[in-house]
Amino acid sequence: MTQPVKSADRTLEILEVLAAGGPRTLGDLARDLGIPKSSLHGILRTIAQRGWIETDPTGTRFGLGLTALRVGAAYLDTDDVVALLGAALDELSATFGETVHLGRLDGADVVYVAKRESKHPLRLYSAIGRHLPAHATALGKALLAGLPPAAVGAALPGVLPRLTANTITDLPALHAELGAVRARGYAVDNGENTEGIVCVARALPLSDPPADAISVSIPQSRVGPDTVAAVAAALETAVDRVTAASGLLR
């Protein structure tokens, strides 16, 4: 493996920490990253001049800057899958009036890369770019089910974090759940990520194994006896249409 360039590696570590945890002080960053304050200060000053980070009015806390936003937005603007799924996400949103997501597997996590908001005041909180443990979401389980069992174990941490009382934290139980996902073709999250929220998801077979999935998230109070089946059927129709149009990606 090629050794990383130290200064570049440290710069990216800083940006990743700020993206994950929000604004931090110089002392916080030095402690968490194990970088001497003298070295860290020079790196922060350099990337601040390029707009990657900004300071608060006191000049003591550092957060992501507008350049980071511009680069992140460019990623989405140039992503073929996001463009291809736009109409499908719109249709699912119009049909159910609930929160719709396009998610992408990123190691042990799933990250939201596109969304449509629910029309209801009571809704799931989410944000583009947010990472969630794959084992605790319908999106993540739909994508993990596309991996061989050995690859699932390799992708996930040794201890599966618990987000709610319903989160599956036992690896054998998760493998059984993924087997059920493969059998029925879709995944269900029954309050495993957020209490009181039910989510249904299907993977998009645009790559092998699939890297992207789409979902509909609904508060439990609006879930009736036929809701999950109706959402799963609508997702199947959307996936079939997107798959048929996937030649546009090539």
# chains A, B, ... in the order shown; residues from 1 in each chain; ligands from 1
>>> select_by_dssp(residues="range 29-241 of chain A", states="strand (DSSP E or B)", output="VMD selection string")
chain A and resid 53 to 55 61 to 64 99 to 106 109 to 116 131 to 133 187 to 190 197 to 204 212 to 219
>>> residues_around(residues="Ile218 in chain A", least_positions_apart="4", cutoff="9 Å", atoms="only C-alpha atoms", output="list in words")
Glu98, Thr99, Ser118, Arg123, Leu124, Gly196, Ile197, Val198, Cys199, Val200, Arg222 and Val223 of chain A
>>> closest_residue(among="A:Ser217, A:Leu12, A:Leu156, A:Glu192", to="Arg116 in chain A", atoms="only C-alpha atoms")
A:Ser217
>>> residues_around(residues="Thr11 in chain A", least_positions_apart="4", cutoff="10 Å", atoms="only C-alpha atoms", output="PyMOL selection string")
chain A and resi 6-7+15-16+40+43-44+46-47
>>> closest_residue(among="A:Pro121, A:Gln3, A:Leu105, A:Ile214", to="Gly86 in chain A", atoms="only C-alpha atoms")
A:Ile214
>>> closest_residue(among="A:Leu139, A:Ala83, A:Val216, A:Ala238", to="Glu117 in chain A", atoms="only C-alpha atoms")
A:Val216
>>> residues_around(residues="Leu33 in chain A", least_positions_apart="3", cutoff="10 Å", atoms="only C-alpha atoms", output="ChimeraX atom specification")
/A:10,13-14,17,27-30,36,40
>>> write_last_selection(atoms="N, CA, C and O atoms", output="PDB file, in the first residue's frame")
ATOM      1  N   ARG A  10      -3.380  14.620   6.841  1.00  0.00           N
ATOM      2  CA  ARG A  10      -3.856  15.389   7.992  1.00  0.00           C
ATOM      3  C   ARG A  10      -4.960  16.358   7.588  1.00  0.00           C
ATOM      4  O   ARG A  10      -5.947  16.542   8.310  1.00  0.00           O
ATOM      5  N   GLU A  13      -8.111  14.406   7.210  1.00  0.00           N
ATOM      6  CA  GLU A  13      -8.603  13.999   8.529  1.00  0.00           C
ATOM      7  C   GLU A  13      -9.362  15.144   9.190  1.00  0.00           C
ATOM      8  O   GLU A  13     -10.421  14.933   9.798  1.00  0.00           O
ATOM      9  N   ILE A  14      -8.829  16.350   9.091  1.00  0.00           N
ATOM     10  CA  ILE A  14      -9.483  17.519   9.688  1.00  0.00           C
ATOM     11  C   ILE A  14     -10.865  17.712   9.074  1.00  0.00           C
ATOM     12  O   ILE A  14     -11.864  17.898   9.781  1.00  0.00           O
ATOM     13  N   VAL A  17     -13.325  15.004  10.233  1.00  0.00           N
ATOM     14  CA  VAL A  17     -13.761  15.186  11.618  1.00  0.00           C
ATOM     15  C   VAL A  17     -14.780  16.318  11.709  1.00  0.00           C
ATOM     16  O   VAL A  17     -15.811  16.195  12.399  1.00  0.00           O
ATOM     17  N   GLY A  27      -7.877  22.983  20.266  1.00  0.00           N
ATOM     18  CA  GLY A  27      -7.523  21.968  21.243  1.00  0.00           C
ATOM     19  C   GLY A  27      -8.251  20.660  21.011  1.00  0.00           C
ATOM     20  O   GLY A  27      -7.670  19.579  21.143  1.00  0.00           O
ATOM     21  N   ASP A  28      -9.540  20.755  20.672  1.00  0.00           N
ATOM     22  CA  ASP A  28     -10.321  19.545  20.383  1.00  0.00           C
ATOM     23  C   ASP A  28      -9.706  18.770  19.222  1.00  0.00           C
ATOM     24  O   ASP A  28      -9.540  17.545  19.283  1.00  0.00           O
ATOM     25  N   LEU A  29      -9.405  19.493  18.142  1.00  0.00           N
ATOM     26  CA  LEU A  29      -8.854  18.844  16.954  1.00  0.00           C
ATOM     27  C   LEU A  29      -7.485  18.238  17.236  1.00  0.00           C
ATOM     28  O   LEU A  29      -7.189  17.116  16.806  1.00  0.00           O
ATOM     29  N   ALA A  30      -6.649  18.977  17.967  1.00  0.00           N
ATOM     30  CA  ALA A  30      -5.307  18.477  18.282  1.00  0.00           C
ATOM     31  C   ALA A  30      -5.394  17.187  19.110  1.00  0.00           C
ATOM     32  O   ALA A  30      -4.669  16.226  18.858  1.00  0.00           O
ATOM     33  N   PRO A  36       0.148  17.882  16.788  1.00  0.00           N
ATOM     34  CA  PRO A  36       0.586  19.004  17.622  1.00  0.00           C
ATOM     35  C   PRO A  36      -0.100  20.302  17.210  1.00  0.00           C
ATOM     36  O   PRO A  36      -0.324  20.550  16.021  1.00  0.00           O
ATOM     37  N   LEU A  40      -0.914  21.818  13.525  1.00  0.00           N
ATOM     38  CA  LEU A  40      -2.334  21.909  13.183  1.00  0.00           C
ATOM     39  C   LEU A  40      -2.717  23.332  12.826  1.00  0.00           C
ATOM     40  O   LEU A  40      -3.489  23.558  11.883  1.00  0.00           O
TER      41      LEU A  40
END
>>> residues_around(residues="Gly153 in chain A", least_positions_apart="4", cutoff="8 Å", atoms="only C-alpha atoms", output="list in words")
Pro149, Pro157 and Leu171 of chain A
>>> residues_around(residues="Gly72 in chain A", least_positions_apart="6", cutoff="12 Å", atoms="only C-alpha atoms", output="compact mmCIF listing (two decimals) with N, CA, C and O atoms, in the first residue's frame")
# COMPACT_ATOMS: atom_id res chain seq x y z
N ALA A 19 -16.73 17.35 9.33
CA ALA A 19 -17.96 16.91 8.67
C ALA A 19 -18.78 16.00 9.57
O ALA A 19 -20.01 16.04 9.56
N TRP A 52 -12.10 26.15 2.71
CA TRP A 52 -12.57 24.84 3.11
C TRP A 52 -13.11 24.84 4.54
O TRP A 52 -13.99 24.05 4.88
N LEU A 64 -16.71 23.62 8.77
CA LEU A 64 -16.58 23.56 7.31
C LEU A 64 -16.98 24.89 6.68
O LEU A 64 -17.86 25.59 7.17
N GLY A 65 -16.33 25.20 5.54
CA GLY A 65 -16.59 26.44 4.83
C GLY A 65 -17.34 26.24 3.53
O GLY A 65 -17.73 25.12 3.17
N LEU A 66 -17.51 27.32 2.80
CA LEU A 66 -18.31 27.29 1.58
C LEU A 66 -17.67 26.45 0.48
O LEU A 66 -18.38 25.89 -0.36
N THR A 78 -23.15 16.05 -10.42
CA THR A 78 -22.54 15.27 -11.51
C THR A 78 -22.75 13.77 -11.34
O THR A 78 -22.19 12.98 -12.10
N ASP A 79 -23.55 13.37 -10.35
CA ASP A 79 -23.78 11.96 -10.10
C ASP A 79 -24.89 11.44 -11.01
O ASP A 79 -26.03 11.89 -10.94
N VAL A 113 -27.93 10.40 -0.30
CA VAL A 113 -27.41 11.22 -1.40
C VAL A 113 -28.51 12.00 -2.12
O VAL A 113 -28.22 12.90 -2.90
N ILE A 128 -29.13 15.38 3.53
CA ILE A 128 -28.21 14.87 2.51
C ILE A 128 -26.80 14.81 3.11
O ILE A 128 -26.35 15.75 3.76
N GLY A 129 -26.13 13.69 2.89
CA GLY A 129 -24.79 13.52 3.43
C GLY A 129 -24.74 12.86 4.78
O GLY A 129 -23.65 12.50 5.26
>>> closest_residue(among="A:Ala211, A:Leu206, A:Val152, A:Leu147", to="Arg241 in chain A", atoms="only C-alpha atoms")
A:Leu206
>>> atom_distance(atom1="CA of Ala187 in chain A", atom2="CA of Ala138 in chain A")
5.1 Å
>>> atom_distance(atom1="CA of His101 in chain A", atom2="CA of Gln220 in chain A")
17.4 Å
>>> atom_distance(atom1="CA of Thr137 in chain A", atom2="CA of Asp189 in chain A")
5.6 Å
>>> residues_around(residues="Asp106 in chain A", least_positions_apart="3", cutoff="12 Å", atoms="only C-alpha atoms", output="PyMOL selection string")
chain A and resi 103+109-113+129-134+139-140+143-144+155-156+210-212
>>> closest_residue(among="A:Leu18, A:Gln49, A:Ser215, A:Ala201", to="Asp32 in chain A", atoms="only C-alpha atoms")
A:Leu18
>>> closest_residue(among="A:Asp9, A:Pro225, A:Ala114, A:Pro161", to="Ala73 in chain A", atoms="only C-alpha atoms")
A:Ala114
>>> select_by_dssp(residues="range 25-240 of chain A", states="helix (DSSP H, G or I)", output="PyMOL selection string")
chain A and resi 26-33+37-49+66-77+80-96+134-136+138-144+149-155+171-184+220-222+227-240
